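Heads up, protein-v2.txt below (compact mmCIF, C-alpha atoms and all ligand atoms):
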# COMPACT_ATOMS: atom_id res chain seq x y z
CA MET M 1 -21.81 109.31 221.87
CA TRP M 2 -21.50 112.83 220.34
CA ALA M 3 -21.59 111.30 216.86
CA GLU M 4 -24.82 109.49 217.61
CA LYS M 5 -26.40 112.69 218.98
CA LEU M 6 -25.27 114.73 215.96
CA GLY M 7 -26.58 112.04 213.60
CA LYS M 8 -29.98 112.07 215.32
CA GLN M 9 -30.25 115.85 215.00
CA LEU M 10 -29.06 115.91 211.37
CA GLY M 11 -31.52 113.17 210.48
CA HIS M 12 -34.44 114.63 212.42
CA PRO M 13 -33.80 118.08 213.95
CA THR M 14 -35.87 118.83 217.05
CA ARG M 15 -36.69 122.17 218.70
CA SER M 16 -33.75 122.18 221.16
CA VAL M 17 -30.33 123.80 221.50
CA ALA M 18 -28.77 120.98 219.46
CA GLY M 19 -31.54 121.23 216.83
CA TRP M 20 -31.07 124.98 216.57
CA LEU M 21 -27.30 124.55 216.10
CA VAL M 22 -27.94 121.96 213.39
CA SER M 23 -30.38 124.30 211.62
CA ARG M 24 -27.70 127.06 211.67
CA PHE M 25 -25.16 124.59 210.28
CA LEU M 26 -27.53 123.52 207.48
CA THR M 27 -28.35 127.12 206.56
CA ALA M 28 -24.70 128.18 206.47
CA ARG M 29 -23.24 125.09 204.78
CA ASN M 30 -25.78 123.68 202.36
CA ARG M 31 -26.99 126.62 200.28
CA ILE M 32 -24.73 125.66 197.36
CA LEU M 33 -25.94 122.06 197.36
CA GLU M 34 -29.57 123.15 197.55
CA GLU M 35 -29.23 125.77 194.80
CA ASN M 36 -27.41 123.36 192.51
CA ALA M 37 -30.01 120.63 193.04
CA VAL M 38 -32.62 123.15 191.91
CA LYS M 39 -30.53 124.22 188.92
CA LEU M 40 -29.81 120.64 187.80
CA SER M 41 -33.48 119.63 188.05
CA GLY M 42 -34.26 121.70 184.92
CA ILE M 43 -37.41 123.16 186.43
CA GLN M 44 -39.89 124.60 183.91
CA PRO M 45 -42.19 127.51 184.89
CA GLY M 46 -45.35 125.37 184.96
CA ASP M 47 -43.92 122.27 186.65
CA THR M 48 -45.03 120.58 189.85
CA VAL M 49 -41.82 120.23 191.90
CA LEU M 50 -41.19 118.30 195.12
CA GLU M 51 -38.34 118.71 197.61
CA LEU M 52 -37.75 115.88 200.10
CA GLY M 53 -36.26 116.65 203.52
CA HIS M 54 -36.13 120.39 202.84
CA GLY M 55 -34.75 121.31 206.30
CA PRO M 56 -34.71 125.10 206.83
CA GLY M 57 -36.13 125.71 203.31
CA LEU M 58 -33.33 127.33 201.24
CA GLY M 59 -33.89 125.04 198.26
CA LEU M 60 -37.62 125.65 198.35
CA GLN M 61 -37.01 129.40 198.21
CA SER M 62 -34.75 129.03 195.22
CA ALA M 63 -37.10 126.62 193.33
CA ALA M 64 -40.15 128.83 193.93
CA LYS M 65 -38.53 131.65 191.94
CA LEU M 66 -38.52 129.45 188.81
CA LEU M 67 -42.21 128.51 188.96
CA THR M 68 -43.56 131.60 187.25
CA GLU M 69 -46.61 130.16 185.45
CA PRO M 70 -49.92 129.91 187.35
CA THR M 71 -49.75 126.11 187.14
CA GLY M 72 -46.25 126.02 188.66
CA HIS M 73 -46.49 124.46 192.11
CA LEU M 74 -43.91 123.57 194.75
CA ILE M 75 -44.33 120.91 197.44
CA GLY M 76 -41.99 120.23 200.35
CA VAL M 77 -41.98 117.31 202.77
CA ASP M 78 -40.03 116.91 206.00
CA TYR M 79 -40.85 114.75 209.02
CA SER M 80 -39.13 117.09 211.49
CA GLU M 81 -41.81 119.29 213.03
CA TYR M 82 -39.12 121.87 213.79
CA MET M 83 -37.93 122.04 210.15
CA HIS M 84 -41.52 122.02 208.90
CA GLN M 85 -42.25 125.08 211.07
CA MET M 86 -39.00 126.83 210.12
CA ALA M 87 -39.69 126.40 206.40
CA ASN M 88 -43.32 127.47 206.93
CA GLU M 89 -42.05 130.70 208.43
CA ARG M 90 -39.47 131.27 205.67
CA LEU M 91 -42.04 130.71 202.89
CA LYS M 92 -45.18 132.07 204.52
CA GLU M 93 -46.15 134.47 201.70
CA LEU M 94 -45.74 131.79 199.03
CA ILE M 95 -47.74 129.33 201.12
CA ALA M 96 -50.50 131.91 201.64
CA SER M 97 -50.64 132.56 197.88
CA GLY M 98 -51.03 128.81 197.18
CA LYS M 99 -47.76 128.53 195.21
CA VAL M 100 -46.11 126.34 197.88
CA THR M 101 -47.51 123.49 200.01
CA LEU M 102 -45.54 121.91 202.85
CA HIS M 103 -46.36 118.51 204.35
CA HIS M 104 -45.13 117.34 207.72
CA CYS M 105 -44.66 113.68 206.80
CA ASP M 106 -42.26 110.84 206.05
CA VAL M 107 -40.80 110.50 202.56
CA ALA M 108 -41.95 106.88 202.66
CA ALA M 109 -45.65 107.89 203.00
CA MET M 110 -46.45 111.17 201.26
CA PRO M 111 -50.03 112.50 201.01
CA LEU M 112 -49.65 113.04 197.25
CA ALA M 113 -51.56 111.49 194.35
CA ASP M 114 -49.91 109.06 191.92
CA SER M 115 -48.04 110.45 188.87
CA THR M 116 -48.45 114.14 189.68
CA VAL M 117 -44.89 115.48 190.13
CA ASP M 118 -42.58 116.57 187.27
CA LYS M 119 -39.33 117.14 189.20
CA VAL M 120 -38.03 115.91 192.56
CA PHE M 121 -34.90 117.16 194.28
CA HIS M 122 -33.24 116.57 197.63
CA CYS M 123 -29.96 117.20 199.45
CA ASN M 124 -28.40 115.32 202.35
CA CYS M 125 -31.52 113.35 202.99
CA TYR M 126 -31.52 109.72 201.82
CA TYR M 127 -28.73 108.65 204.23
CA PHE M 128 -31.23 108.88 207.08
CA TRP M 129 -33.96 106.71 205.53
CA PRO M 130 -34.25 103.33 207.26
CA ASP M 131 -35.45 101.67 204.04
CA LEU M 132 -34.07 103.11 200.77
CA ARG M 133 -36.33 100.93 198.60
CA LYS M 134 -39.45 102.11 200.39
CA GLY M 135 -38.39 105.74 199.93
CA ALA M 136 -37.46 105.25 196.27
CA ALA M 137 -40.73 103.42 195.49
CA GLU M 138 -42.74 106.24 197.08
CA ILE M 139 -40.87 108.87 195.03
CA ARG M 140 -41.53 106.86 191.87
CA ARG M 141 -45.23 106.52 192.75
CA VAL M 142 -45.78 110.29 192.90
CA MET M 143 -43.68 111.13 189.82
CA LYS M 144 -44.99 111.49 186.30
CA PRO M 145 -43.42 108.99 183.86
CA GLY M 146 -40.33 110.62 182.35
CA GLY M 147 -39.92 113.01 185.31
CA LEU M 148 -36.45 113.76 186.67
CA MET M 149 -35.12 113.28 190.20
CA VAL M 150 -31.86 114.90 191.33
CA THR M 151 -30.03 114.66 194.62
CA THR M 152 -26.84 116.54 195.49
CA LEU M 153 -24.27 115.63 198.13
CA ARG M 154 -20.65 116.24 199.08
CA LEU M 155 -19.47 112.66 199.14
CA SER M 156 -16.18 113.42 200.95
CA ASN M 157 -18.09 115.06 203.84
CA VAL M 158 -20.69 112.31 203.97
CA ALA M 159 -18.02 109.59 204.01
CA ALA M 160 -16.18 111.43 206.82
CA PHE M 161 -19.38 111.64 208.88
CA ALA M 162 -20.14 107.98 208.18
CA ALA M 163 -16.63 106.97 209.30
CA LYS M 164 -17.33 108.65 212.64
CA ARG M 165 -20.65 106.72 212.80
CA VAL M 166 -22.74 109.91 212.56
CA MET M 167 -24.80 107.96 210.02
CA PRO M 168 -25.01 104.30 211.04
CA GLY M 169 -25.15 101.53 208.46
CA GLU M 170 -24.43 101.71 204.75
CA ASN M 171 -27.40 103.73 203.44
CA TRP M 172 -25.16 106.76 202.95
CA ARG M 173 -23.36 105.06 200.07
CA PRO M 174 -24.53 106.43 196.70
CA GLU M 175 -24.36 102.89 195.26
CA ALA M 176 -26.98 101.72 197.77
CA TYR M 177 -29.36 104.53 196.88
CA MET M 178 -28.79 104.15 193.13
CA ALA M 179 -29.53 100.41 193.39
CA ALA M 180 -32.77 101.18 195.26
CA LEU M 181 -33.74 103.67 192.52
CA ARG M 182 -33.08 101.14 189.74
CA ASP M 183 -35.14 98.52 191.61
CA SER M 184 -38.02 100.97 192.05
CA GLY M 185 -38.78 101.97 188.47
CA PHE M 186 -36.10 104.54 187.60
CA SER M 187 -33.84 104.49 184.54
CA ASP M 188 -30.70 106.45 183.57
CA VAL M 189 -29.53 106.36 187.19
CA ASN M 190 -26.07 107.87 187.38
CA MET M 191 -23.79 110.06 189.47
CA GLU M 192 -21.60 112.93 188.25
CA ASP M 193 -18.95 115.09 189.89
CA LYS M 194 -19.77 118.79 189.74
CA GLN M 195 -18.12 122.08 190.74
CA SER M 196 -19.69 125.27 191.99
CA ASN M 197 -18.05 128.20 193.81
CA HIS M 198 -14.80 126.15 194.06
CA ILE M 199 -16.70 123.34 195.82
CA THR M 200 -16.76 119.83 194.40
CA PHE M 201 -19.99 117.95 194.93
CA GLN M 202 -21.87 115.01 193.42
CA ALA M 203 -25.24 114.90 191.70
CA ILE M 204 -27.28 111.69 191.35
CA TYR M 205 -29.85 111.68 188.54
CA ALA M 206 -32.73 109.27 187.94
CA THR M 207 -35.58 109.32 185.43
CA ALA M 208 -38.98 107.84 186.30
CA LEU M 209 -39.67 105.01 183.82
CA LYS M 210 -42.48 105.47 181.32
C1 LIG M 301 -29.30 116.79 207.09
S1 LIG M 301 -30.88 117.54 206.96
C2 LIG M 301 -30.73 118.32 205.35
C3 LIG M 301 -31.64 119.49 205.16
C4 LIG M 301 -31.47 120.23 203.84
N1 LIG M 301 -31.91 119.43 202.73
C5 LIG M 301 -30.03 120.62 203.65
O1 LIG M 301 -29.31 119.99 202.85
O2 LIG M 301 -29.61 121.56 204.33
C6 LIG M 301 -31.96 116.17 206.60
C7 LIG M 301 -33.41 116.58 206.55
O3 LIG M 301 -34.17 115.51 206.02
C8 LIG M 301 -35.27 115.27 206.87
N2 LIG M 301 -35.59 113.84 206.76
C9 LIG M 301 -34.74 112.80 206.99
N3 LIG M 301 -35.37 111.63 206.78
C10 LIG M 301 -36.64 111.94 206.42
C11 LIG M 301 -37.78 111.14 206.09
N4 LIG M 301 -37.73 109.81 206.10
N5 LIG M 301 -38.92 111.77 205.77
C12 LIG M 301 -38.98 113.13 205.77
N6 LIG M 301 -37.94 113.94 206.08
C13 LIG M 301 -36.78 113.34 206.41
C14 LIG M 301 -34.82 115.72 208.24
O4 LIG M 301 -35.88 116.00 209.12
C15 LIG M 301 -33.97 116.93 207.92
O5 LIG M 301 -34.70 118.12 207.86

Could you take the file, read its structure, and then write that structure out as structure tokens?
Ligand SMILES: C[S@@+](CC[C@H](N)C(=O)[O-])C[C@H]1O[C@@H](n2cnc3c(N)ncnc32)[C@H](O)[C@@H]1O
Amino acid sequence: MWAEKLGKQLGHPTRSVAGWLVSRFLTARNRILEENAVKLSGIQPGDTVLELGHGPGLGLQSAAKLLTEPTGHLIGVDYSEYMHQMANERLKELIASGKVTLHHCDVAAMPLADSTVDKVFHCNCYYFWPDLRKGAAEIRRVMKPGGLMVTTLRLSNVAAFAAKRVMPGENWRPEAYMAALRDSGFSDVNMEDKQSNHITFQAIYATALK
């Protein structure tokens, strides 16, 4: 019962005591994953960059610092109204200046034009998608050919949560997501072990086919 409740809040935080606790947990625990996803994406100053399921907005803050050219633009999507509002608050100056745009929407249906995004990153997000192929196809649709997508995760933590049924089903498995990416027009799909601040994590890379 508790696992199901925690899974619901992790997958879609709501404005509630449980949602607030989850947002505190995400802010305290996931900074390293978010910052490394940004670093591994190889963001260039003039890129258009997209974060999926940004949660409280730490990764967005870190990516925005790298987009120093006038053309550099950052987009975030999250279907939790609570997280959308929290990130809006965190990034309000950058949103007001036009550098950052946040959309309150599902990853599987983003209000973005085809082939417009250079880099996509996300952390702790795909395990909650009901249909990995739908999500992967939508990411591919908005990416420029040759663009890079990176997701970071701590596989040992995810597997432990999955064993307790916090995430139901098998979508948490990297193999399932990597298969969906390959089927949806990505090449060079692979996963690497990484280390940062004495923490071991995994990074999944995929390149949008030309
Ligand atoms: C576990 S939280 C991770 C937040 C942040 N990336 C981090 O690592 O701290 C998952 C986030 O992804 C969002 N999310 C999950 N599925 C989504 C979907 N299909 N479309 C948009 N956002 C989604 C949730 O609302 C939540 O903010």

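Shortest separation to ligand LIG 301 (chain M) among M:Pro45, M:Gly19, M:Gly55, M:Pro168 occurs at residue M:Gly55, atoms counted being only C-alpha atoms and all ligand atoms.
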
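Using all atoms listed in the file, the protein and nucleic acid residues lying no more than 8 Å from Leu132 (chain M), apart from those fewer than 6 places from it along its own chain, are Tyr126, Asn171, Ala176, Tyr177 and Ala180 of chain M.
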
(request) Tell me, as number ranges by chain, which residues lie within 12 Å of Arg165 (chain M), counting only C-alpha atoms; anything in the same chain fewer than 6 positions away does not count. (result) M: 1-8, 127, 158-159, 171-172

At most 8 Å is the cut-off: for each residue in chain M with any atom that close to an atom of ligand LIG 301 (chain M), write down the nearest atom pair and the distance in Å rounded to one decimal, counting only C-alpha atoms and all ligand atoms, chain first then increasing number, as JSON lines.
{"residue": "M:Leu10", "atom": "CA", "partner": "M:LIG301", "partner_atom": "C1", "distance": 4.4}
{"residue": "M:Gly11", "atom": "CA", "partner": "M:LIG301", "partner_atom": "C14", "distance": 4.7}
{"residue": "M:His12", "atom": "CA", "partner": "M:LIG301", "partner_atom": "O4", "distance": 3.9}
{"residue": "M:Pro13", "atom": "CA", "partner": "M:LIG301", "partner_atom": "O4", "distance": 5.7}
{"residue": "M:Ser23", "atom": "CA", "partner": "M:LIG301", "partner_atom": "O2", "distance": 7.8}
{"residue": "M:Leu26", "atom": "CA", "partner": "M:LIG301", "partner_atom": "O2", "distance": 4.3}
{"residue": "M:Thr27", "atom": "CA", "partner": "M:LIG301", "partner_atom": "O2", "distance": 6.1}
{"residue": "M:Arg29", "atom": "CA", "partner": "M:LIG301", "partner_atom": "O2", "distance": 7.3}
{"residue": "M:Asn30", "atom": "CA", "partner": "M:LIG301", "partner_atom": "O2", "distance": 4.8}
{"residue": "M:Arg31", "atom": "CA", "partner": "M:LIG301", "partner_atom": "O2", "distance": 7.0}
{"residue": "M:Leu33", "atom": "CA", "partner": "M:LIG301", "partner_atom": "O1", "distance": 6.8}
{"residue": "M:Glu34", "atom": "CA", "partner": "M:LIG301", "partner_atom": "O1", "distance": 6.2}
{"residue": "M:Leu52", "atom": "CA", "partner": "M:LIG301", "partner_atom": "N6", "distance": 6.3}
{"residue": "M:Gly53", "atom": "CA", "partner": "M:LIG301", "partner_atom": "O3", "distance": 3.5}
{"residue": "M:His54", "atom": "CA", "partner": "M:LIG301", "partner_atom": "N1", "distance": 4.3}
{"residue": "M:Gly55", "atom": "CA", "partner": "M:LIG301", "partner_atom": "O5", "distance": 3.6}
{"residue": "M:Pro56", "atom": "CA", "partner": "M:LIG301", "partner_atom": "C4", "distance": 6.6}
{"residue": "M:Gly57", "atom": "CA", "partner": "M:LIG301", "partner_atom": "C4", "distance": 7.2}
{"residue": "M:Leu58", "atom": "CA", "partner": "M:LIG301", "partner_atom": "O2", "distance": 7.5}
{"residue": "M:Gly59", "atom": "CA", "partner": "M:LIG301", "partner_atom": "N1", "distance": 7.4}
{"residue": "M:Val77", "atom": "CA", "partner": "M:LIG301", "partner_atom": "C12", "distance": 6.0}
{"residue": "M:Asp78", "atom": "CA", "partner": "M:LIG301", "partner_atom": "N6", "distance": 3.6}
{"residue": "M:Tyr79", "atom": "CA", "partner": "M:LIG301", "partner_atom": "C12", "distance": 4.1}
{"residue": "M:Ser80", "atom": "CA", "partner": "M:LIG301", "partner_atom": "O4", "distance": 4.2}
{"residue": "M:Glu81", "atom": "CA", "partner": "M:LIG301", "partner_atom": "O4", "distance": 7.8}
{"residue": "M:Met83", "atom": "CA", "partner": "M:LIG301", "partner_atom": "O5", "distance": 5.6}
{"residue": "M:His84", "atom": "CA", "partner": "M:LIG301", "partner_atom": "O5", "distance": 7.9}
{"residue": "M:His104", "atom": "CA", "partner": "M:LIG301", "partner_atom": "C12", "distance": 7.7}
{"residue": "M:Cys105", "atom": "CA", "partner": "M:LIG301", "partner_atom": "C12", "distance": 5.8}
{"residue": "M:Asp106", "atom": "CA", "partner": "M:LIG301", "partner_atom": "N5", "distance": 3.5}
{"residue": "M:Val107", "atom": "CA", "partner": "M:LIG301", "partner_atom": "N5", "distance": 3.9}
{"residue": "M:Ala108", "atom": "CA", "partner": "M:LIG301", "partner_atom": "N4", "distance": 6.2}
{"residue": "M:His122", "atom": "CA", "partner": "M:LIG301", "partner_atom": "N1", "distance": 6.0}
{"residue": "M:Cys123", "atom": "CA", "partner": "M:LIG301", "partner_atom": "N1", "distance": 4.4}
{"residue": "M:Asn124", "atom": "CA", "partner": "M:LIG301", "partner_atom": "O1", "distance": 4.8}
{"residue": "M:Cys125", "atom": "CA", "partner": "M:LIG301", "partner_atom": "O3", "distance": 4.6}
{"residue": "M:Tyr126", "atom": "CA", "partner": "M:LIG301", "partner_atom": "N3", "distance": 6.6}
{"residue": "M:Tyr127", "atom": "CA", "partner": "M:LIG301", "partner_atom": "N3", "distance": 7.7}
{"residue": "M:Phe128", "atom": "CA", "partner": "M:LIG301", "partner_atom": "N3", "distance": 5.0}
{"residue": "M:Trp129", "atom": "CA", "partner": "M:LIG301", "partner_atom": "N4", "distance": 4.9}
{"residue": "M:Pro130", "atom": "CA", "partner": "M:LIG301", "partner_atom": "N4", "distance": 7.4}
{"residue": "M:Gly135", "atom": "CA", "partner": "M:LIG301", "partner_atom": "N4", "distance": 7.4}

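In this comparison, which uses all atoms listed in the file, the residue of M:Ala109, M:Val38, M:Leu153, M:Leu21 approaching Gln9 (chain M) most closely is M:Leu21.
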
(request) Can you work out the spacing between CA of Glu138 (chain M) and CA of Arg182 (chain M) in Å, to one decimal? (result) 13.2 Å

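Across the structure, CA of Ala64 (chain M) and CA of Ala18 (chain M) are spaced 29.0 Å apart.
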
(message) Give me the residues near Ile204 (chain M) as a VMD selection string, where near means some atom within 9 Å (using only C-alpha atoms) and where sequence neighbours in that chain fewer than 3 positions away do not count.
(response) chain M and resid 149 to 153 174 178 189 to 192

Selection to disk with C-alpha atoms, as a compact mmCIF listing (two decimals), in the coordinates of the input:
# COMPACT_ATOMS: atom_id res chain seq x y z
CA MET M 149 -35.12 113.28 190.20
CA VAL M 150 -31.86 114.90 191.33
CA THR M 151 -30.03 114.66 194.62
CA THR M 152 -26.84 116.54 195.49
CA LEU M 153 -24.27 115.63 198.13
CA PRO M 174 -24.53 106.43 196.70
CA MET M 178 -28.79 104.15 193.13
CA VAL M 189 -29.53 106.36 187.19
CA ASN M 190 -26.07 107.87 187.38
CA MET M 191 -23.79 110.06 189.47
CA GLU M 192 -21.60 112.93 188.25

(request) Quick one: pull the distance between CA of Ser97 (chain M) and CA of Val49 (chain M), Å, one decimal. (result) 16.3 Å

Taking every listed atom of region 23-33 of chain M and adding 3 Å to each side, what centre and edge lengths in Å (one decimal) does the axis-aligned box have, as lines of an AutoDock Vina configuration file?
center_x = -26.8
center_y = 125.1
center_z = 204.5
size_x = 13.1
size_y = 12.1
size_z = 20.3

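Considering all atoms listed in the file, the residue among M:Ser115, M:Asn197, M:Thr48, M:Thr101 positioned nearest to Ile139 (chain M) is M:Ser115.
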
(message) Counting all atoms listed in the file, which residue out of M:Leu94, M:Leu40, M:Val22, M:Ala162 sits closest to Ala206 (chain M)?
(response) M:Leu40

(request) Pick out the residues sitting within 8 Å of region 185-188 of chain M, and hand them over as a PyMOL selection string; count all atoms listed in the file, and ignore anything fewer than 2 positions along from it in its own chain. (result) chain M and resi 137+140+181-183+190+205-209

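Residues in contact with Phe201 (chain M) at 10 Å, where all atoms listed in the file are counted and same-chain residues fewer than 4 positions away are skipped, are listed as M:Ile32, M:Leu33, M:Asn36, M:Thr152, M:Leu153, M:Arg154, M:Leu155, M:Ser156, M:Asn157, M:Glu192, M:Asp193, M:Lys194, M:Gln195, M:Ser196.
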